[in-house]
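In what follows, a single structure is set out as structure tokens and then discussed.
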Amino acid sequence: METNNTHKHSQSIANFAAIKTAIANNEEALLKELIADQAMQELEKSYLIDLAGLSNDPAILKIIKDIPVEK
């Protein structure tokens, strides 16, 4: 039986994978939808900034840089 924490962790991993895919595909609208009002850890954000830098899309990079960091 899956606990609530395990389920949330699985959703978190799936959401992070979807965010990476949206960045790689330059899907600005989907990216905004996936990160709507979410904060993330500094390491995750740094990784996504690096990934967005590879796509050379300033709009995607700005979306990622505007994500708040968890405290």
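For the structure tokens, the naming scheme is as follows: chains receive sequential letters (A, B, ...) according to their order of presentation, residues are indexed from 1 within each chain, and ligands are indexed from 1 in presentation order.
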Subject >> Residues of chain A in alpha helix (DSSP H), written as an NGL selection string >> reply: :A and (4-24 or 28-35 or 42-55 or 58-65)
Expected file: the selected residues, C-alpha atoms, as a compact mmCIF listing (two decimals), in the first residue's frame:
# COMPACT_ATOMS: atom_id res chain seq x y z
CA ASN A 4 0.51 9.64 1.10
CA ASN A 5 4.15 10.82 1.26
CA THR A 6 5.21 8.24 -1.31
CA HIS A 7 2.41 9.36 -3.60
CA LYS A 8 3.39 13.02 -3.23
CA HIS A 9 7.04 12.14 -3.93
CA SER A 10 6.02 10.25 -7.08
CA GLN A 11 3.96 13.22 -8.24
CA SER A 12 6.89 15.53 -7.52
CA ILE A 13 9.26 13.41 -9.60
CA ALA A 14 6.75 13.21 -12.45
CA ASN A 15 6.16 16.97 -12.32
CA PHE A 16 9.90 17.69 -12.38
CA ALA A 17 10.30 15.40 -15.40
CA ALA A 18 7.44 17.21 -17.15
CA ILE A 19 9.09 20.57 -16.38
CA LYS A 20 12.37 19.37 -17.90
CA THR A 21 10.53 18.16 -21.01
CA ALA A 22 8.66 21.47 -21.37
CA ILE A 23 11.98 23.34 -21.16
CA ALA A 24 13.63 21.07 -23.73
CA GLU A 28 6.37 28.20 -22.55
CA ALA A 29 2.63 27.84 -21.79
CA LEU A 30 3.01 24.29 -20.47
CA LEU A 31 5.99 25.32 -18.35
CA LYS A 32 3.98 28.14 -16.76
CA GLU A 33 1.17 25.70 -16.02
CA LEU A 34 3.51 23.14 -14.44
CA ILE A 35 5.27 25.59 -12.12
CA GLU A 42 17.86 25.89 -4.99
CA LEU A 43 19.59 22.85 -6.54
CA GLU A 44 16.56 22.00 -8.68
CA LYS A 45 16.21 25.60 -9.82
CA SER A 46 19.91 25.82 -10.67
CA TYR A 47 19.67 22.64 -12.75
CA LEU A 48 16.64 23.99 -14.64
CA ILE A 49 18.41 27.30 -15.30
CA ASP A 50 21.32 25.39 -16.82
CA LEU A 51 18.92 23.31 -18.91
CA ALA A 52 17.02 26.40 -20.07
CA GLY A 53 20.31 28.04 -21.02
CA LEU A 54 20.92 25.24 -23.51
CA SER A 55 17.69 26.04 -25.35
CA PRO A 58 15.07 33.98 -23.07
CA ALA A 59 11.36 33.62 -22.22
CA ILE A 60 11.88 30.10 -20.85
CA LEU A 61 14.95 31.22 -18.92
CA LYS A 62 13.03 34.11 -17.35
CA ILE A 63 10.21 31.81 -16.24
CA ILE A 64 12.73 29.54 -14.51
CA LYS A 65 14.64 32.41 -12.90
Original post:
Which residues, written as a list in words, have at least one atom at most 10 Å from A:Gln38, with only C-alpha atoms counted and residues fewer than 6 positions away on the same chain left out?
Top reply: Ile67, Pro68, Val69 and Glu70 of chain A
Those residues you just picked out, can you put them in a file as a PDB file, in the first residue's frame with N, CA and C atoms?
ATOM      1  N   ILE A  67      11.102  31.539 -10.547  1.00  0.00           N
ATOM      2  CA  ILE A  67      10.562  30.557  -9.604  1.00  0.00           C
ATOM      3  C   ILE A  67      11.119  30.862  -8.210  1.00  0.00           C
ATOM      4  N   PRO A  68      10.248  30.965  -7.207  1.00  0.00           N
ATOM      5  CA  PRO A  68      10.752  31.198  -5.849  1.00  0.00           C
ATOM      6  C   PRO A  68      11.479  29.963  -5.306  1.00  0.00           C
ATOM      7  N   VAL A  69      12.417  30.215  -4.404  1.00  0.00           N
ATOM      8  CA  VAL A  69      13.194  29.138  -3.789  1.00  0.00           C
ATOM      9  C   VAL A  69      12.591  28.813  -2.425  1.00  0.00           C
ATOM     10  N   GLU A  70      12.477  27.504  -2.130  1.00  0.00           N
ATOM     11  CA  GLU A  70      11.975  27.067  -0.822  1.00  0.00           C
ATOM     12  C   GLU A  70      12.942  27.490   0.265  1.00  0.00           C
TER      13      GLU A  70
END
